[in-house]
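Novice: Structure incoming, see below.
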Amino acid sequence: MVFKSKVGVTFYIVLLLQVVMTVAFIVLAIVLGPVWTTWIFAIAAVFCAAVFFLFCIPAVKDTAYTITDDYLLVKTGWYELELPYTDIIEITPNITSIIMEPALSFKRVEIKYKTPRGMREIVHVSPVNEKEFVLLLESQVRGDL
């Protein structure tokens, strides 16, 4: 079953600020005319906006968490993580975190797992239907299904 990521309002605020900043620098460059430093800032703002849209918009579109028969697949943009259920140690719902993860909201589910080298790692996910996701994932980890 595939669960799309919920997108927090903070993401949209950052998107809006990026657009406002870019437009402001372009307008400033046009108003001030041939001042070369202003044009450098305008070009830098356009470049930053382009990078933001190229990396963040596909992440919003593609971020999803798939519960299969054998593993949890966490996918965002070009990043994919396959977590076999036997490696999952703990699932903690309803946490708040600002750490950069494949989660697009501050309200998340924390999944602790062990790596093939025996290290413990954490991944945060933010599925739209968090309760259903946690129940289904816990049942897969316990082997109920």
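Naming scheme: A, B, ... for chains in displayed order of the structure tokens; residues 1 onward per chain; ligands 1 onward as shown.
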Please identify the strand (DSSP E or B) residues within region 39-99 of chain A (assignment by DSSP from backbone atoms) and present them as a list in words.
Specialist: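 Those residues are Ala64, Tyr65, Thr66, Ile67, Tyr71, Leu72, Leu73, Val74, Lys75, Thr76, Tyr79, Glu80, Leu81, Glu82, Leu83, Pro84, Ile88, Ile89, Glu90, Ile91, Thr92, Pro93, Asn94, Ile95 and Thr96 of chain A.
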Novice: Taking a cut-off of 9 Å and counting only C-alpha atoms, can you build a table that, for each residue of region 68-139 of chain A near region 10-20 of chain A, reports the nearest atom pair and how far apart they are in Å (one decimal), sorted by chain then residue number, as CSV?
Specialist:
residue,atom,partner,partner_atom,distance
A:Leu104,CA,A:Phe11,CA,7.2
A:Ser105,CA,A:Thr10,CA,7.7
A:Phe106,CA,A:Thr10,CA,8.5
Novice: Show me, as a list in words, the residues that have an atom within 7 Å of Lys107 (chain A) when counting only C-alpha atoms, minus same-chain residues fewer than 4 positions from it.
Specialist: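 These residues fall inside the cut-off: Asn94, Ile95, Thr96, Ser97 and Ser126 of chain A.
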Novice: Set the distance at 8 Å and use only C-alpha atoms: which residues neighbour Val134 (chain A) once local chain neighbours fewer than 2 positions away are removed? I'd like the list as a list in words.
Specialist: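 Residues meeting the cut-off are Ile91, Pro93, Val109, Glu130, Lys131, Glu132, Leu136, Leu137 and Glu138 of chain A.
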Novice: Mind writing the picked residues with C-alpha atoms as a short mmCIF file (atom, residue, chain, number, x, y, z; two decimals), in the first residue's frame?
Specialist:
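Okay, out-v8.cif is ready:
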data_model
loop_
_atom_site.label_atom_id
_atom_site.label_comp_id
_atom_site.auth_asym_id
_atom_site.auth_seq_id
_atom_site.Cartn_x
_atom_site.Cartn_y
_atom_site.Cartn_z
CA ILE A 91 8.00 2.90 15.43
CA PRO A 93 4.18 8.18 15.87
CA VAL A 109 6.57 9.08 12.42
CA GLU A 130 -0.52 8.51 9.82
CA LYS A 131 -2.71 6.24 12.00
CA GLU A 132 -3.45 3.79 9.20
CA LEU A 136 -0.28 -1.40 8.95
CA LEU A 137 3.48 -1.04 9.43
CA GLU A 138 3.34 -2.37 13.00
#
Novice: Hey, what's within 10 Å of Pro102 (chain A) if we count only C-alpha atoms and toss same-chain stuff fewer than 5 positions away? As a PyMOL selection string, please?
Specialist: chain A and resi 5+59-60+63-65+74-77+79-81+123-126
Novice: Restricted to N, CA and C atoms, what would the selected residues look like written as a short mmCIF file (atom, residue, chain, number, x, y, z; two decimals), in the first residue's frame?
Specialist:
data_model
loop_
_atom_site.label_atom_id
_atom_site.label_comp_id
_atom_site.auth_asym_id
_atom_site.auth_seq_id
_atom_site.Cartn_x
_atom_site.Cartn_y
_atom_site.Cartn_z
N SER A 5 3.18 11.52 1.12
CA SER A 5 3.63 12.35 2.23
C SER A 5 2.75 13.57 2.36
N ALA A 59 10.43 16.42 -5.22
CA ALA A 59 10.37 15.74 -3.93
C ALA A 59 8.94 15.75 -3.40
N VAL A 60 8.25 16.86 -3.54
CA VAL A 60 6.85 16.93 -3.08
C VAL A 60 5.99 15.98 -3.90
N THR A 63 7.40 12.03 -3.09
CA THR A 63 7.63 11.47 -1.77
C THR A 63 6.46 10.59 -1.36
N ALA A 64 6.79 9.32 -1.11
CA ALA A 64 5.77 8.33 -0.73
C ALA A 64 6.43 7.21 0.05
N TYR A 65 5.61 6.51 0.80
CA TYR A 65 6.07 5.41 1.63
C TYR A 65 5.22 4.19 1.26
N VAL A 74 10.87 3.78 1.37
CA VAL A 74 10.77 5.22 1.59
C VAL A 74 11.39 5.87 0.37
N LYS A 75 10.59 6.69 -0.36
CA LYS A 75 11.08 7.30 -1.60
C LYS A 75 10.77 8.78 -1.59
N THR A 76 11.80 9.57 -1.88
CA THR A 76 11.63 11.01 -2.06
C THR A 76 12.63 11.48 -3.11
N GLY A 77 12.14 12.05 -4.17
CA GLY A 77 13.03 12.48 -5.25
C GLY A 77 13.85 11.31 -5.76
N TYR A 79 16.05 9.73 -3.81
CA TYR A 79 16.44 8.94 -2.65
C TYR A 79 15.44 7.81 -2.42
N GLU A 80 15.96 6.60 -2.25
CA GLU A 80 15.12 5.44 -1.92
C GLU A 80 15.79 4.66 -0.80
N LEU A 81 14.97 4.19 0.14
CA LEU A 81 15.45 3.39 1.24
C LEU A 81 14.51 2.21 1.41
N VAL A 123 14.85 7.08 10.57
CA VAL A 123 14.29 7.77 9.42
C VAL A 123 12.93 8.31 9.85
N HIS A 124 12.63 9.53 9.43
CA HIS A 124 11.34 10.14 9.72
C HIS A 124 10.51 10.16 8.45
N VAL A 125 9.25 9.83 8.58
CA VAL A 125 8.30 9.87 7.47
C VAL A 125 7.08 10.66 7.91
N SER A 126 6.34 11.18 6.95
CA SER A 126 5.15 11.98 7.28
C SER A 126 3.99 11.58 6.36
#
Novice: Can you tell me, as a list in words, what residues are no more than 9 Å from Trp39 (chain A) when counting only C-alpha atoms, ignoring any on the same chain fewer than 2 positions away?
Specialist: Phe25, Ile26, Leu28, Ala29, Ile30, Gly33, Pro34, Val35, Trp36, Thr37, Phe41, Ala42, Ile43 and Ala44 of chain A
Novice: In chain A, what's helix (DSSP H, G or I) per DSSP? Answer as a ChimeraX atom specification?
Specialist: /A:9-32,36-62,85-87,130-142
Novice: Please produce a file of the residues just selected, as a JSON list (two decimals), in the first residue's frame, where the atoms kept are C-alpha atoms.
Specialist:
[["chain", "number", "residue", "atom", "x", "y", "z"],
["A", 9, "VAL", "CA", 2.47, 24.70, 5.64],
["A", 10, "THR", "CA", 6.12, 25.63, 6.28],
["A", 11, "PHE", "CA", 7.09, 24.21, 2.91],
["A", 12, "TYR", "CA", 4.59, 26.47, 1.17],
["A", 13, "ILE", "CA", 5.80, 29.49, 3.17],
["A", 14, "VAL", "CA", 9.39, 28.83, 2.07],
["A", 15, "LEU", "CA", 8.17, 28.44, -1.52],
["A", 16, "LEU", "CA", 6.31, 31.76, -1.34],
["A", 17, "LEU", "CA", 9.31, 33.55, 0.21],
["A", 18, "GLN", "CA", 11.55, 32.19, -2.55],
["A", 19, "VAL", "CA", 9.22, 33.56, -5.23],
["A", 20, "VAL", "CA", 8.86, 36.94, -3.48],
["A", 21, "MET", "CA", 12.62, 37.28, -3.03],
["A", 22, "THR", "CA", 13.28, 36.45, -6.68],
["A", 23, "VAL", "CA", 10.66, 38.89, -7.96],
["A", 24, "ALA", "CA", 11.92, 41.60, -5.58],
["A", 25, "PHE", "CA", 15.51, 41.29, -6.82],
["A", 26, "ILE", "CA", 14.41, 41.35, -10.47],
["A", 27, "VAL", "CA", 12.24, 44.46, -9.90],
["A", 28, "LEU", "CA", 15.08, 46.12, -7.99],
["A", 29, "ALA", "CA", 17.49, 45.38, -10.84],
["A", 30, "ILE", "CA", 15.09, 46.87, -13.38],
["A", 31, "VAL", "CA", 14.41, 49.98, -11.27],
["A", 32, "LEU", "CA", 18.08, 50.67, -10.50],
["A", 36, "TRP", "CA", 25.87, 45.66, -12.05],
["A", 37, "THR", "CA", 25.77, 44.50, -8.41],
["A", 38, "THR", "CA", 21.98, 44.57, -8.39],
["A", 39, "TRP", "CA", 21.90, 42.40, -11.52],
["A", 40, "ILE", "CA", 24.26, 39.92, -9.86],
["A", 41, "PHE", "CA", 21.82, 39.62, -6.93],
["A", 42, "ALA", "CA", 18.89, 39.23, -9.35],
["A", 43, "ILE", "CA", 20.69, 36.49, -11.29],
["A", 44, "ALA", "CA", 21.65, 34.77, -8.02],
["A", 45, "ALA", "CA", 18.01, 34.91, -6.84],
["A", 46, "VAL", "CA", 16.79, 33.40, -10.12],
["A", 47, "PHE", "CA", 19.44, 30.67, -9.85],
["A", 48, "CYS", "CA", 18.43, 29.87, -6.24],
["A", 49, "ALA", "CA", 14.76, 29.75, -7.23],
["A", 50, "ALA", "CA", 15.54, 27.42, -10.13],
["A", 51, "VAL", "CA", 17.53, 25.07, -7.88],
["A", 52, "PHE", "CA", 14.75, 25.15, -5.30],
["A", 53, "PHE", "CA", 12.11, 24.25, -7.88],
["A", 54, "LEU", "CA", 14.26, 21.58, -9.55],
["A", 55, "PHE", "CA", 14.95, 19.75, -6.29],
["A", 56, "CYS", "CA", 11.98, 20.46, -4.03],
["A", 57, "ILE", "CA", 9.01, 20.27, -6.37],
["A", 58, "PRO", "CA", 9.86, 16.71, -7.58],
["A", 59, "ALA", "CA", 10.37, 15.74, -3.93],
["A", 60, "VAL", "CA", 6.85, 16.93, -3.08],
["A", 61, "LYS", "CA", 5.40, 15.11, -6.07],
["A", 62, "ASP", "CA", 7.31, 11.86, -5.55],
["A", 85, "TYR", "CA", 10.62, -5.45, 8.50],
["A", 86, "THR", "CA", 13.11, -7.62, 10.38],
["A", 87, "ASP", "CA", 15.43, -4.58, 10.67],
["A", 130, "GLU", "CA", -0.52, 8.51, 9.82],
["A", 131, "LYS", "CA", -2.71, 6.24, 12.00],
["A", 132, "GLU", "CA", -3.45, 3.79, 9.20],
["A", 133, "PHE", "CA", 0.22, 3.81, 8.15],
["A", 134, "VAL", "CA", 1.45, 3.07, 11.68],
["A", 135, "LEU", "CA", -1.10, 0.29, 12.25],
["A", 136, "LEU", "CA", -0.28, -1.40, 8.95],
["A", 137, "LEU", "CA", 3.48, -1.04, 9.43],
["A", 138, "GLU", "CA", 3.34, -2.37, 13.00],
["A", 139, "SER", "CA", 1.31, -5.37, 11.85],
["A", 140, "GLN", "CA", 3.89, -6.10, 9.12],
["A", 141, "VAL", "CA", 6.77, -5.80, 11.62],
["A", 142, "ARG", "CA", 5.00, -8.18, 14.04]]
Novice: Hey, what's within 12 Å of Arg120 (chain A) if we count only C-alpha atoms and toss same-chain stuff fewer than 4 positions away? As a list in words, please?
Specialist: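 Everything that qualifies: Asp87, Ile88, Ile89, Glu90, Ile111, Lys112, Tyr113, Lys114, Thr115 and Pro116 of chain A.
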